[in-house]
>>> print(open('final33.cif').read())   # mmCIF, C-alpha atoms
data_query
loop_
_atom_site.label_atom_id
_atom_site.label_comp_id
_atom_site.auth_asym_id
_atom_site.auth_seq_id
_atom_site.Cartn_x
_atom_site.Cartn_y
_atom_site.Cartn_z
CA MET A 1 -60.28 15.02 -94.31
CA THR A 2 -58.50 12.20 -96.09
CA LEU A 3 -57.29 9.40 -93.82
CA TYR A 4 -54.09 7.59 -94.87
CA ARG A 5 -52.79 4.24 -93.66
CA PHE A 6 -49.21 3.08 -94.23
CA TYR A 7 -48.93 -0.66 -93.57
CA ASN A 8 -46.43 -3.53 -93.89
CA CYS A 9 -43.76 -1.52 -92.11
CA THR A 10 -41.73 -1.22 -88.91
CA LEU A 11 -41.94 2.01 -86.92
CA ILE A 12 -39.59 3.65 -84.45
CA ARG A 13 -41.90 4.42 -81.56
CA ASN A 14 -41.40 4.60 -77.80
CA HIS A 15 -37.64 3.98 -78.15
CA ALA A 16 -38.14 0.67 -79.94
CA LEU A 17 -38.75 -0.93 -83.32
CA VAL A 18 -42.39 -1.99 -83.54
CA LEU A 19 -44.45 -3.69 -86.23
CA ASP A 20 -47.38 -1.34 -86.67
CA ASP A 21 -49.27 0.82 -89.13
CA LEU A 22 -48.84 4.57 -89.46
CA TRP A 23 -52.07 6.57 -89.71
CA ILE A 24 -52.02 10.13 -91.07
CA ARG A 25 -54.70 12.81 -91.31
CA HIS A 26 -54.40 16.52 -91.96
CA GLY A 27 -50.61 16.42 -91.73
CA LYS A 28 -50.61 14.77 -88.29
CA ILE A 29 -50.03 11.27 -86.93
CA VAL A 30 -53.27 9.94 -85.49
CA SER A 31 -54.23 7.10 -83.17
CA PRO A 32 -56.03 4.17 -84.81
CA GLU A 33 -57.95 3.44 -81.61
CA LYS A 34 -60.11 6.53 -81.98
CA ILE A 35 -60.64 5.70 -85.63
CA PHE A 36 -61.68 2.11 -84.90
CA PHE A 37 -63.79 2.56 -81.79
CA GLU A 38 -65.19 6.10 -82.06
CA GLU A 39 -65.29 7.06 -85.72
CA LYS A 40 -65.63 3.47 -86.97
CA ILE A 41 -64.19 4.24 -90.38
CA GLN A 42 -61.55 2.79 -92.67
CA ALA A 43 -58.62 4.51 -94.36
CA ASP A 44 -59.44 6.46 -97.51
CA ILE A 45 -56.08 5.55 -99.03
CA GLU A 46 -53.68 2.76 -98.10
CA TYR A 47 -50.00 2.32 -98.96
CA ASP A 48 -48.01 -0.92 -98.89
CA CYS A 49 -44.58 -0.01 -97.50
CA ARG A 50 -42.97 -3.33 -98.51
CA GLY A 51 -41.43 -4.09 -95.15
CA ILE A 52 -39.31 -0.96 -94.79
CA LEU A 53 -38.51 1.03 -91.64
CA ILE A 54 -40.39 4.27 -91.04
CA ALA A 55 -38.56 6.79 -88.84
CA PRO A 56 -39.19 10.42 -87.92
CA GLY A 57 -37.59 12.88 -90.32
CA TYR A 58 -34.05 13.98 -89.48
CA ILE A 59 -33.41 17.35 -87.80
CA ASP A 60 -30.07 19.16 -88.24
CA LEU A 61 -29.24 21.77 -85.59
CA GLN A 62 -25.95 22.90 -87.16
CA ILE A 63 -25.61 23.33 -90.91
CA ASN A 64 -23.64 26.23 -92.38
CA GLY A 65 -24.83 25.77 -95.95
CA ALA A 66 -25.30 23.16 -98.66
CA PHE A 67 -25.50 22.59 -102.41
CA GLY A 68 -23.27 25.60 -103.09
CA HIS A 69 -25.20 28.01 -100.86
CA ASP A 70 -23.61 29.79 -97.88
CA PHE A 71 -25.92 30.85 -95.05
CA THR A 72 -23.42 33.46 -93.82
CA SER A 73 -23.14 35.32 -97.13
CA PRO A 74 -25.06 38.64 -97.25
CA ASN A 75 -24.98 38.42 -101.04
CA GLU A 76 -26.80 35.10 -101.02
CA ALA A 77 -29.10 35.45 -98.03
CA SER A 78 -32.73 35.29 -99.08
CA GLU A 79 -35.88 33.36 -98.40
CA GLU A 80 -35.63 31.87 -101.90
CA MET A 81 -32.12 30.51 -101.27
CA LEU A 82 -33.20 28.95 -97.99
CA VAL A 83 -36.17 27.27 -99.67
CA THR A 84 -33.86 25.91 -102.40
CA VAL A 85 -31.68 24.27 -99.74
CA ALA A 86 -34.72 23.11 -97.76
CA ARG A 87 -36.06 21.28 -100.82
CA LYS A 88 -32.78 19.55 -101.60
CA LEU A 89 -32.18 18.49 -97.98
CA THR A 90 -35.20 16.19 -98.21
CA SER A 91 -33.06 13.91 -100.40
CA HIS A 92 -30.98 13.24 -97.26
CA GLY A 93 -34.01 12.57 -95.04
CA VAL A 94 -33.92 16.01 -93.41
CA THR A 95 -37.38 17.40 -92.64
CA ALA A 96 -36.29 20.28 -90.38
CA PHE A 97 -33.09 22.24 -89.84
CA VAL A 98 -31.50 25.24 -88.16
CA PRO A 99 -29.43 27.28 -90.66
CA THR A 100 -26.17 28.27 -88.99
CA VAL A 101 -24.36 31.58 -89.36
CA VAL A 102 -20.69 31.67 -88.34
CA SER A 103 -18.70 34.52 -86.76
CA SER A 104 -19.14 37.67 -88.81
CA LYS A 105 -19.20 41.45 -88.61
CA ALA A 106 -22.26 43.16 -87.14
CA GLU A 107 -23.38 44.43 -90.54
CA THR A 108 -23.42 40.86 -91.85
CA TYR A 109 -25.72 39.67 -89.09
CA LYS A 110 -28.04 42.63 -89.57
CA ALA A 111 -28.24 41.88 -93.30
CA VAL A 112 -28.64 38.11 -93.02
CA LEU A 113 -30.65 37.30 -89.89
CA PRO A 114 -33.93 39.07 -90.85
CA LYS A 115 -34.10 36.96 -94.03
CA TYR A 116 -34.06 33.59 -92.24
CA LYS A 117 -37.48 33.43 -90.66
CA ARG A 118 -39.02 30.34 -89.14
CA ARG A 119 -41.24 28.59 -91.66
CA ALA A 120 -43.29 25.41 -91.69
CA GLY A 121 -42.10 22.76 -94.11
CA SER A 122 -44.12 21.22 -96.92
CA ALA A 123 -43.72 18.76 -99.76
CA LYS A 124 -43.49 21.74 -102.12
CA ASP A 125 -41.04 23.95 -100.18
CA GLY A 126 -39.04 21.34 -98.32
CA ALA A 127 -37.81 21.07 -94.76
CA THR A 128 -39.07 23.20 -91.88
CA ILE A 129 -36.91 26.17 -90.85
CA LEU A 130 -36.60 26.02 -87.05
CA GLY A 131 -34.86 29.37 -86.54
CA ILE A 132 -31.19 30.28 -86.73
CA HIS A 133 -28.11 28.93 -84.96
CA ILE A 134 -25.52 31.68 -84.48
CA GLU A 135 -22.06 30.25 -83.86
CA GLY A 136 -19.98 33.17 -82.60
CA PRO A 137 -18.55 35.74 -82.59
CA PHE A 138 -18.49 35.60 -78.76
CA ILE A 139 -16.08 32.67 -78.66
CA ASP A 140 -12.52 32.12 -77.45
CA GLU A 141 -9.72 32.99 -79.86
CA LYS A 142 -7.65 30.04 -78.65
CA LYS A 143 -10.32 27.63 -79.89
CA ARG A 144 -11.67 29.64 -82.79
CA GLY A 145 -11.18 26.80 -85.28
CA ALA A 146 -12.09 28.16 -88.71
CA HIS A 147 -13.61 31.38 -87.35
CA ARG A 148 -11.88 34.63 -88.32
CA THR A 149 -9.87 36.16 -85.45
CA ASP A 150 -10.71 39.72 -86.51
CA PHE A 151 -14.44 38.99 -86.17
CA LEU A 152 -14.33 37.73 -82.57
CA LEU A 153 -15.82 39.86 -79.79
CA GLN A 154 -15.93 40.12 -76.00
CA THR A 155 -18.84 41.18 -73.78
CA PRO A 156 -17.56 43.98 -71.49
CA HIS A 157 -21.08 45.49 -71.47
CA GLY A 158 -22.95 42.21 -71.23
CA MET A 159 -26.13 41.91 -73.30
CA GLU A 160 -25.59 45.34 -74.84
CA ASP A 161 -22.76 43.87 -76.87
CA LEU A 162 -24.99 41.12 -78.26
CA TYR A 163 -27.74 43.59 -79.16
CA ALA A 164 -25.17 45.76 -80.94
CA CYS A 165 -23.82 42.76 -82.83
CA TYR A 166 -26.96 40.87 -83.86
CA GLY A 167 -29.51 43.68 -83.97
CA SER A 168 -32.41 41.41 -83.06
CA PHE A 169 -33.07 38.00 -81.51
CA ASP A 170 -36.37 37.45 -83.33
CA ASN A 171 -35.35 34.52 -85.54
CA ILE A 172 -32.64 33.01 -83.34
CA SER A 173 -33.07 29.57 -81.76
CA ILE A 174 -29.50 28.69 -80.68
CA ILE A 175 -26.41 30.76 -79.87
CA THR A 176 -22.96 29.21 -79.33
CA VAL A 177 -20.79 31.12 -76.85
CA ALA A 178 -17.60 30.56 -74.88
CA PRO A 179 -18.76 30.66 -71.24
CA GLU A 180 -15.36 31.87 -69.93
CA ILE A 181 -15.82 35.28 -71.59
CA PRO A 182 -16.45 37.94 -68.90
CA ASN A 183 -20.14 38.62 -68.12
CA MET A 184 -21.26 35.57 -70.08
CA ILE A 185 -22.35 33.44 -67.11
CA ASP A 186 -23.60 36.19 -64.79
CA ASN A 187 -25.36 38.34 -67.35
CA VAL A 188 -25.63 37.08 -70.91
CA ILE A 189 -26.64 33.42 -70.63
CA PRO A 190 -29.49 33.95 -68.11
CA GLU A 191 -31.02 36.76 -70.19
CA LEU A 192 -30.77 34.84 -73.46
CA VAL A 193 -32.57 31.91 -71.88
CA GLU A 194 -35.11 33.62 -69.65
CA LYS A 195 -35.99 36.70 -71.70
CA HIS A 196 -35.55 35.48 -75.26
CA GLY A 197 -36.13 31.73 -74.94
CA ILE A 198 -32.91 30.96 -76.80
CA VAL A 199 -31.00 27.72 -76.38
CA VAL A 200 -27.47 28.57 -75.23
CA SER A 201 -24.74 26.22 -76.38
CA VAL A 202 -21.17 26.26 -75.06
CA GLY A 203 -18.35 25.74 -77.51
CA HIS A 204 -15.23 27.14 -79.19
CA SER A 205 -13.99 27.42 -75.65
CA ILE A 206 -11.13 26.78 -73.24
CA ALA A 207 -13.55 26.52 -70.31
CA SER A 208 -12.77 24.27 -67.39
CA LEU A 209 -15.38 21.84 -66.11
CA ASP A 210 -16.16 24.24 -63.27
CA ILE A 211 -16.91 27.07 -65.70
CA GLY A 212 -18.97 24.70 -67.84
CA GLU A 213 -21.02 23.64 -64.82
CA ARG A 214 -21.62 27.26 -63.86
CA ALA A 215 -22.76 27.98 -67.42
CA VAL A 216 -25.26 25.11 -67.25
CA CYS A 217 -26.54 26.35 -63.90
CA ALA A 218 -27.00 29.75 -65.57
CA GLY A 219 -29.13 28.17 -68.30
CA ALA A 220 -26.88 26.64 -71.00
CA ARG A 221 -28.15 23.25 -72.17
CA PHE A 222 -26.14 22.29 -75.27
CA ILE A 223 -22.51 21.66 -76.23
CA THR A 224 -21.42 22.59 -79.75
CA HIS A 225 -19.65 19.76 -81.66
CA LEU A 226 -18.26 17.80 -78.72
CA PHE A 227 -14.48 17.20 -78.74
CA ASN A 228 -13.94 19.81 -81.47
CA ALA A 229 -12.84 23.39 -80.66
CA MET A 230 -12.56 22.79 -76.90
CA LEU A 231 -9.95 21.61 -74.44
CA PRO A 232 -9.25 17.89 -74.78
CA PHE A 233 -10.38 15.64 -71.94
CA HIS A 234 -7.86 15.62 -69.08
CA HIS A 235 -8.15 13.46 -65.99
CA ARG A 236 -7.57 16.41 -63.63
CA ASP A 237 -9.88 18.80 -65.46
CA PRO A 238 -12.15 17.18 -68.04
CA GLY A 239 -13.21 20.55 -69.46
CA LEU A 240 -16.55 20.80 -71.26
CA VAL A 241 -16.41 17.08 -72.09
CA GLY A 242 -16.81 16.44 -68.37
CA LEU A 243 -20.33 17.90 -68.47
CA LEU A 244 -21.50 14.53 -69.79
CA THR A 245 -20.85 12.97 -66.37
CA SER A 246 -20.99 15.95 -64.00
CA HIS A 247 -22.51 15.28 -60.57
CA ARG A 248 -22.85 18.98 -59.76
CA LEU A 249 -25.76 19.63 -62.09
CA PRO A 250 -29.43 19.34 -61.04
CA ALA A 251 -30.70 15.78 -61.43
CA THR A 252 -33.45 16.92 -63.81
CA THR A 253 -31.03 18.76 -66.12
CA ILE A 254 -30.23 16.94 -69.36
CA ILE A 255 -27.20 18.19 -71.24
CA HIS A 256 -27.32 17.57 -74.97
CA TYR A 257 -24.23 17.68 -77.13
CA GLY A 258 -23.66 17.88 -80.85
CA LEU A 259 -21.47 15.22 -82.45
CA ILE A 260 -20.11 15.29 -86.00
CA ALA A 261 -19.98 11.62 -86.97
CA ASP A 262 -18.55 12.21 -90.43
CA GLY A 263 -15.48 10.01 -89.99
CA ILE A 264 -13.25 13.10 -90.07
CA HIS A 265 -14.09 15.31 -87.08
CA THR A 266 -14.71 12.54 -84.56
CA HIS A 267 -12.98 9.14 -84.38
CA SER A 268 -15.31 6.17 -84.11
CA ALA A 269 -13.85 5.35 -80.68
CA ALA A 270 -14.80 8.85 -79.50
CA VAL A 271 -18.32 8.33 -80.88
CA ARG A 272 -18.61 5.11 -78.86
CA LEU A 273 -17.19 6.77 -75.74
CA ALA A 274 -19.70 9.62 -75.83
CA HIS A 275 -22.57 7.25 -76.55
CA ARG A 276 -21.74 4.90 -73.70
CA VAL A 277 -21.33 7.72 -71.22
CA HIS A 278 -24.40 9.78 -72.11
CA PRO A 279 -26.52 8.26 -74.92
CA GLN A 280 -29.68 10.25 -74.19
CA GLY A 281 -27.84 13.54 -74.78
CA LEU A 282 -26.22 12.67 -78.11
CA VAL A 283 -27.33 14.86 -81.03
CA LEU A 284 -25.92 14.15 -84.47
CA VAL A 285 -25.12 17.30 -86.44
CA THR A 286 -23.47 17.75 -89.82
CA ASP A 287 -21.78 21.14 -89.33
CA ALA A 288 -22.04 21.03 -93.11
CA VAL A 289 -20.34 23.60 -95.34
CA PRO A 290 -21.73 24.89 -98.66
CA ALA A 291 -19.98 22.01 -100.46
CA LEU A 292 -22.45 19.45 -99.06
CA GLY A 293 -23.88 17.58 -102.02
CA LEU A 294 -21.15 18.81 -104.40
CA PRO A 295 -17.83 17.37 -105.68
CA ASP A 296 -14.33 18.23 -104.47
CA GLY A 297 -13.30 21.78 -105.28
CA THR A 298 -12.98 25.34 -104.01
CA TYR A 299 -15.89 27.04 -102.26
CA HIS A 300 -16.61 29.98 -99.94
CA MET A 301 -18.06 30.09 -96.43
CA GLY A 302 -18.43 33.42 -94.70
CA ALA A 303 -15.35 35.49 -95.50
CA ASP A 304 -13.14 32.47 -96.18
CA GLN A 305 -12.24 30.30 -99.14
CA ILE A 306 -12.46 26.60 -98.39
CA ILE A 307 -10.98 23.56 -100.10
CA VAL A 308 -12.79 20.21 -100.26
CA GLU A 309 -10.67 17.18 -101.01
CA ASN A 310 -11.17 13.52 -100.09
CA LYS A 311 -14.18 14.31 -97.86
CA ARG A 312 -12.22 16.92 -95.87
CA ALA A 313 -13.17 20.60 -95.89
CA THR A 314 -10.39 22.98 -94.78
CA ILE A 315 -9.66 26.71 -94.84
CA ALA A 316 -7.63 27.39 -97.99
CA GLY A 317 -3.88 27.33 -97.33
CA THR A 318 -4.27 25.57 -93.96
CA GLN A 319 -5.14 22.16 -92.51
CA THR A 320 -7.85 23.68 -90.29
CA LEU A 321 -11.14 21.83 -90.59
CA CYS A 322 -14.01 24.20 -91.30
CA GLY A 323 -16.97 21.86 -91.27
CA SER A 324 -18.22 18.68 -92.85
CA ILE A 325 -19.53 17.58 -96.23
CA ALA A 326 -21.38 14.58 -94.80
CA SER A 327 -25.17 14.48 -94.86
CA LEU A 328 -27.14 13.77 -91.70
CA ALA A 329 -28.18 10.44 -93.21
CA GLU A 330 -24.49 9.52 -93.57
CA CYS A 331 -23.83 10.57 -89.97
CA VAL A 332 -26.58 8.22 -88.78
CA GLN A 333 -25.05 5.38 -90.77
CA ASN A 334 -21.55 6.19 -89.49
CA MET A 335 -22.72 6.20 -85.89
CA ARG A 336 -24.44 2.86 -86.33
CA GLN A 337 -21.25 1.37 -87.78
CA ALA A 338 -19.15 2.86 -84.96
CA LEU A 339 -21.39 1.21 -82.37
CA LEU A 340 -21.32 -2.12 -84.18
CA ASP A 341 -17.52 -1.96 -84.48
CA GLY A 342 -17.28 -1.48 -80.74
CA GLU A 343 -18.90 -4.79 -79.90
CA THR A 344 -16.27 -7.22 -78.58
CA ASN A 345 -18.46 -10.11 -79.66
CA LYS A 346 -18.71 -9.66 -83.42
CA ASN A 347 -21.83 -11.83 -83.48
CA VAL A 348 -23.94 -8.93 -82.24
CA GLU A 349 -27.21 -10.03 -80.69
CA GLU A 350 -30.22 -9.04 -82.78
CA LYS A 351 -31.75 -7.04 -79.91
CA ASN A 352 -28.54 -5.01 -79.53
CA GLU A 353 -28.38 -4.34 -83.26
CA LYS A 354 -31.99 -3.17 -83.24
CA GLN A 355 -31.33 -0.96 -80.24
CA PHE A 356 -28.35 0.62 -82.01
CA ILE A 357 -30.63 1.47 -84.93
CA VAL A 358 -33.11 3.14 -82.61
CA GLU A 359 -30.45 5.10 -80.72
CA CYS A 360 -28.69 6.31 -83.86
CA ILE A 361 -31.94 7.49 -85.43
CA GLU A 362 -33.13 9.14 -82.22
CA ALA A 363 -29.83 11.04 -82.14
CA ALA A 364 -30.93 12.71 -85.38
CA THR A 365 -34.63 13.04 -84.54
CA LEU A 366 -35.95 12.96 -80.98
CA HIS A 367 -32.82 14.39 -79.34
CA PRO A 368 -32.44 17.50 -81.54
CA ALA A 369 -36.18 18.10 -81.17
CA SER A 370 -35.73 17.89 -77.39
CA VAL A 371 -32.98 20.55 -77.51
CA LEU A 372 -35.52 22.95 -79.04
CA HIS A 373 -38.35 21.76 -76.74
CA ILE A 374 -40.47 20.54 -79.67
CA GLU A 375 -40.22 16.79 -78.97
CA ASN A 376 -44.01 16.41 -78.90
CA GLN A 377 -44.26 17.93 -82.38
CA LYS A 378 -41.09 16.89 -84.24
CA GLY A 379 -38.63 13.99 -84.11
CA THR A 380 -41.24 11.43 -83.10
CA LEU A 381 -43.97 9.21 -84.54
CA SER A 382 -46.15 9.67 -81.46
CA PHE A 383 -49.84 10.40 -81.90
CA GLY A 384 -50.49 14.10 -82.46
CA ALA A 385 -47.01 14.82 -83.84
CA ASP A 386 -46.36 16.34 -87.24
CA ALA A 387 -46.33 13.70 -89.97
CA ASP A 388 -42.70 14.28 -90.94
CA PHE A 389 -41.17 10.87 -91.61
CA ILE A 390 -38.79 8.91 -93.82
CA PHE A 391 -38.54 5.45 -95.35
CA LEU A 392 -35.27 3.61 -94.65
CA ASP A 393 -33.91 0.29 -95.90
CA ASN A 394 -31.98 -2.15 -93.72
CA LYS A 395 -28.73 -0.21 -94.30
CA LEU A 396 -30.46 3.03 -93.27
CA ASN A 397 -30.38 4.44 -96.79
CA VAL A 398 -33.12 7.04 -97.27
CA LEU A 399 -35.74 5.84 -99.76
CA SER A 400 -38.40 8.52 -99.36
CA THR A 401 -39.14 11.66 -97.34
CA PHE A 402 -42.55 12.95 -96.23
CA ILE A 403 -43.40 16.34 -94.76
CA ALA A 404 -46.80 17.00 -93.17
CA GLY A 405 -47.91 13.63 -94.55
CA GLU A 406 -47.07 14.40 -98.19
CA GLN A 407 -44.19 12.91 -100.14
CA ALA A 408 -41.44 15.47 -100.70
CA TRP A 409 -38.83 13.18 -102.29
CA SER A 410 -38.21 9.59 -103.33
CA VAL A 411 -35.03 7.87 -104.45
CA ASN A 412 -36.71 6.45 -107.58
CA ASP A 413 -40.10 5.67 -109.08
CA GLN A 414 -40.29 2.41 -107.15
CA TRP A 415 -40.78 4.44 -103.98
CA SER A 416 -43.04 7.05 -105.49
CA ILE A 417 -46.22 7.28 -103.47
CA SER A 418 -48.33 6.49 -106.54
CA ASN A 419 -46.62 3.10 -106.84
CA LEU A 420 -47.30 2.23 -103.19
CA HIS A 421 -51.01 2.95 -103.40
CA THR A 422 -53.01 -0.27 -102.96
CA ASN A 423 -56.60 0.65 -102.14
CA LYS A 424 -59.18 3.40 -101.85
CA PHE A 425 -62.38 3.11 -99.91
CA SER A 426 -65.49 5.15 -100.57
CA GLN A 427 -67.14 6.51 -97.48
#
>>> encode(input="final33.cif", output="structure tokens")
Amino acid sequence: MTLYRFYNCTLIRNHALVLDDLWIRHGKIVSPEKIFFEEKIQADIEYDCRGILIAPGYIDLQINGAFGHDFTSPNEASEEMLVTVARKLTSHGVTAFVPTVVSSKAETYKAVLPKYKRRAGSAKDGATILGIHIEGPFIDEKKRGAHRTDFLLQTPHGMEDLYACYGSFDNISIITVAPEIPNMIDNVIPELVEKHGIVVSVGHSIASLDIGERAVCAGARFITHLFNAMLPFHHRDPGLVGLLTSHRLPATTIIHYGLIADGIHTHSAAVRLAHRVHPQGLVLVTDAVPALGLPDGTYHMGADQIIVENKRATIAGTQTLCGSIASLAECVQNMRQALLDGETNKNVEEKNEKQFIVECIEAATLHPASVLHIENQKGTLSFGADADFIFLDNKLNVLSTFIAGEQAWSVNDQWSISNLHTNKFSQ
């Protein structure tokens, strides 16, 4: 098997920036120690990375569509459409994602969900499909956001209502629910987690902190787009936002929360607040609509027409935000800038600036992988992990994307793998 060495680079590894080489074989990251001391061989092919930063590939846990394609549309749903999006997402540094389906009728779910199967990524077919995120329809009408009121459902019969709605849980990785809905905490959440291995996220909700804590104790582990579509923080009842600092949860329980750092959904001060309170739980998501990667105009998502103007996506005829048009790469850059802007001493120490880079990138890599319990496989450059990684410049612009060790995209010919090749050894 061909052994590749990427050198003259900085890696994100073990929560730090380190000067080191990246060794790849058979689509996996390998340890050089075994190569040096046991196999006693050199790399077959070497690449000079010209001093850039190598990070794990980005992982998006909430994306409703992109490049004109709508994941909720039964007319569009197909494996071919998903592959088309998966290929184009590599231009934004995304190497894995969870296509998201918004609140819909039962017949829509039964038509769409079977077509979105988990699939390993490749340089040819793009980013890995990590299962489906279903956002709704078991959410609270008072915080429905852009979700259609006539599609929302309750759970008077517990899990039977979810079976009747979705038809199957085979391809589902995440479900967003409002925990205050009757039977959700006592019946639905525990079965989704224990029987089906699904990550339960709380959101689109008017839940109090107490209800949120009970939902976590029942098995919920994620919060859908923090601050959006939930009760605002209040000093007497912090609501779901309070889960970030709750003392009533088991000490070993880590709550992760999605954050849309697009400059529209979440103010930079709110980004800093969440980060300072609970940095290890922060997960950057795009909540992208089908207009991602396209100019201003009129588009469709689910059963609604949406208008995109000046980086804002709203339901036609309203001012209701319906998602983002920011890429995950832009969200990483926005978060970094938000953290830098929050420094009272504008001469930020180099070590703090480096740490901000690490934390912002981990919010789009290691943390989303941890939500899905795949942190040893994805979102990391640790030995044995999948060789999904990206090249970044000092402004965190994506220069190149690799999946399973093969180049899937580059910004120009300068960063084409053939122009980085420096040596080949014969064995």
>>> closest_residue(input="final33.cif", among="A:Leu19, A:Ile24, A:Ile206, A:Ala303", to="Lys105 of chain A", atoms="only C-alpha atoms")
A:Ala303
>>> atom_distance(input="final33.cif", atom1="atom CA of Leu61 of chain A", atom2="atom CA of Pro368 of chain A")
6.7 Å
>>> residues_around(input="final33.cif", residues="Val101 of chain A", least_positions_apart="5", cutoff="10 Å", atoms="all atoms listed in the file", output="MDAnalysis selection string")
chainID A and resid 62:65 70:73 108:109 112:113 132:137 175 301:302
>>> residues_near_point(input="final33.cif", point="(-8.3, 36.7, -77.4)", cutoff="10 Å", atoms="only C-alpha atoms", output="PDB file with C-alpha atoms, in the coordinates of the input")
ATOM      1  CA  ILE A 139     -16.080  32.670 -78.660  1.00  0.00           C
ATOM      2  CA  ASP A 140     -12.520  32.120 -77.450  1.00  0.00           C
ATOM      3  CA  GLU A 141      -9.720  32.990 -79.860  1.00  0.00           C
ATOM      4  CA  LYS A 142      -7.650  30.040 -78.650  1.00  0.00           C
ATOM      5  CA  LYS A 143     -10.320  27.630 -79.890  1.00  0.00           C
ATOM      6  CA  ARG A 144     -11.670  29.640 -82.790  1.00  0.00           C
ATOM      7  CA  THR A 149      -9.870  36.160 -85.450  1.00  0.00           C
ATOM      8  CA  ASP A 150     -10.710  39.720 -86.510  1.00  0.00           C
ATOM      9  CA  LEU A 152     -14.330  37.730 -82.570  1.00  0.00           C
ATOM     10  CA  LEU A 153     -15.820  39.860 -79.790  1.00  0.00           C
ATOM     11  CA  GLN A 154     -15.930  40.120 -76.000  1.00  0.00           C
ATOM     12  CA  ILE A 181     -15.820  35.280 -71.590  1.00  0.00           C
TER      13      ILE A 181
END
>>> resolve_selection(input="final33.cif", expression="the PyMOL selection byres ((chain A and resi 191-199) around 9)", output="PyMOL selection string")
chain A and resi 159+169-170+172-176+187-190+200-201+218-222+371-372
>>> atom_distance(input="final33.cif", atom1="atom CA of Gln337 of chain A", atom2="atom CA of Asp393 of chain A")
15.1 Å
>>> closest_residue(input="final33.cif", among="A:Ser122, A:Thr286, A:Thr253, A:Thr422", to="Ala364 of chain A", atoms="only C-alpha atoms")
A:Thr286
>>> atom_distance(input="final33.cif", atom1="atom CA of Asn334 of chain A", atom2="atom CA of Asp262 of chain A")
6.8 Å
>>> resolve_selection(input="final33.cif", expression="the PyMOL selection byres ((chain A and resi 328) around 7)", output="list in words")
His92, Val285, Thr286, Ala326, Ser327, Ala329, Glu330, Cys331 and Val332 of chain A
>>> closest_residue(input="final33.cif", among="A:Ser91, A:Thr380, A:Ser246, A:Asn171", to="Asn397 of chain A", atoms="all atoms listed in the file")
A:Ser91
>>> closest_atom_pairs(input="final33.cif", of="segment 96-164 of chain A", to="segment 399-412 of chain A", cutoff="10 Å", atoms="all atoms listed in the file", output="CSV")
residue,atom,partner,partner_atom,distance
A:Ala96,CA,A:Ile403,CA,9.2
A:Ala120,CA,A:Ala404,CA,9.2
A:Gly121,CA,A:Ile403,CA,6.6
A:Ser122,CA,A:Ile403,CA,5.4
A:Ala123,CA,A:Ala408,CA,4.1
A:Lys124,CA,A:Ala408,CA,6.7
A:Asp125,CA,A:Ala408,CA,8.5
A:Gly126,CA,A:Ala408,CA,6.8
A:Ala127,CA,A:Ile403,CA,7.3
A:Thr128,CA,A:Ile403,CA,8.6
>>> resolve_selection(input="final33.cif", expression="the PyMOL selection byres ((chain A and resi 295) around 12)", output="list in words")
Ala66, Phe67, Gly68, Pro290, Ala291, Leu292, Gly293, Leu294, Asp296, Gly297, Thr298, Tyr299, Ile307, Val308, Glu309, Asn310, Lys311, Arg312, Ala313, Ile325 and Ala326 of chain A
>>> write_last_selection(input="final33.cif", atoms="C-alpha atoms", output="mmCIF file, keeping the file's coordinate frame")
data_model
loop_
_atom_site.group_PDB
_atom_site.id
_atom_site.type_symbol
_atom_site.label_atom_id
_atom_site.label_comp_id
_atom_site.auth_asym_id
_atom_site.auth_seq_id
_atom_site.Cartn_x
_atom_site.Cartn_y
_atom_site.Cartn_z
ATOM 1 C CA ALA A 66 -25.300 23.160 -98.660
ATOM 2 C CA PHE A 67 -25.500 22.590 -102.410
ATOM 3 C CA GLY A 68 -23.270 25.600 -103.090
ATOM 4 C CA PRO A 290 -21.730 24.890 -98.660
ATOM 5 C CA ALA A 291 -19.980 22.010 -100.460
ATOM 6 C CA LEU A 292 -22.450 19.450 -99.060
ATOM 7 C CA GLY A 293 -23.880 17.580 -102.020
ATOM 8 C CA LEU A 294 -21.150 18.810 -104.400
ATOM 9 C CA ASP A 296 -14.330 18.230 -104.470
ATOM 10 C CA GLY A 297 -13.300 21.780 -105.280
ATOM 11 C CA THR A 298 -12.980 25.340 -104.010
ATOM 12 C CA TYR A 299 -15.890 27.040 -102.260
ATOM 13 C CA ILE A 307 -10.980 23.560 -100.100
ATOM 14 C CA VAL A 308 -12.790 20.210 -100.260
ATOM 15 C CA GLU A 309 -10.670 17.180 -101.010
ATOM 16 C CA ASN A 310 -11.170 13.520 -100.090
ATOM 17 C CA LYS A 311 -14.180 14.310 -97.860
ATOM 18 C CA ARG A 312 -12.220 16.920 -95.870
ATOM 19 C CA ALA A 313 -13.170 20.600 -95.890
ATOM 20 C CA ILE A 325 -19.530 17.580 -96.230
ATOM 21 C CA ALA A 326 -21.380 14.580 -94.800
#
>>> closest_residue(input="final33.cif", among="A:Ala164, A:Leu17, A:Ile306, A:Ala55", to="Ala146 of chain A", atoms="all atoms listed in the file")
A:Ile306
>>> residues_around(input="final33.cif", residues="Gly281 of chain A", least_positions_apart="3", cutoff="7 Å", atoms="all atoms listed in the file", output="mmCIF file with C-alpha atoms, keeping the file's coordinate frame")
data_model
loop_
_atom_site.group_PDB
_atom_site.id
_atom_site.type_symbol
_atom_site.label_atom_id
_atom_site.label_comp_id
_atom_site.auth_asym_id
_atom_site.auth_seq_id
_atom_site.Cartn_x
_atom_site.Cartn_y
_atom_site.Cartn_z
ATOM 1 C CA ILE A 254 -30.230 16.940 -69.360
ATOM 2 C CA ILE A 255 -27.200 18.190 -71.240
ATOM 3 C CA HIS A 256 -27.320 17.570 -74.970
ATOM 4 C CA TYR A 257 -24.230 17.680 -77.130
ATOM 5 C CA HIS A 278 -24.400 9.780 -72.110
ATOM 6 C CA HIS A 367 -32.820 14.390 -79.340
#
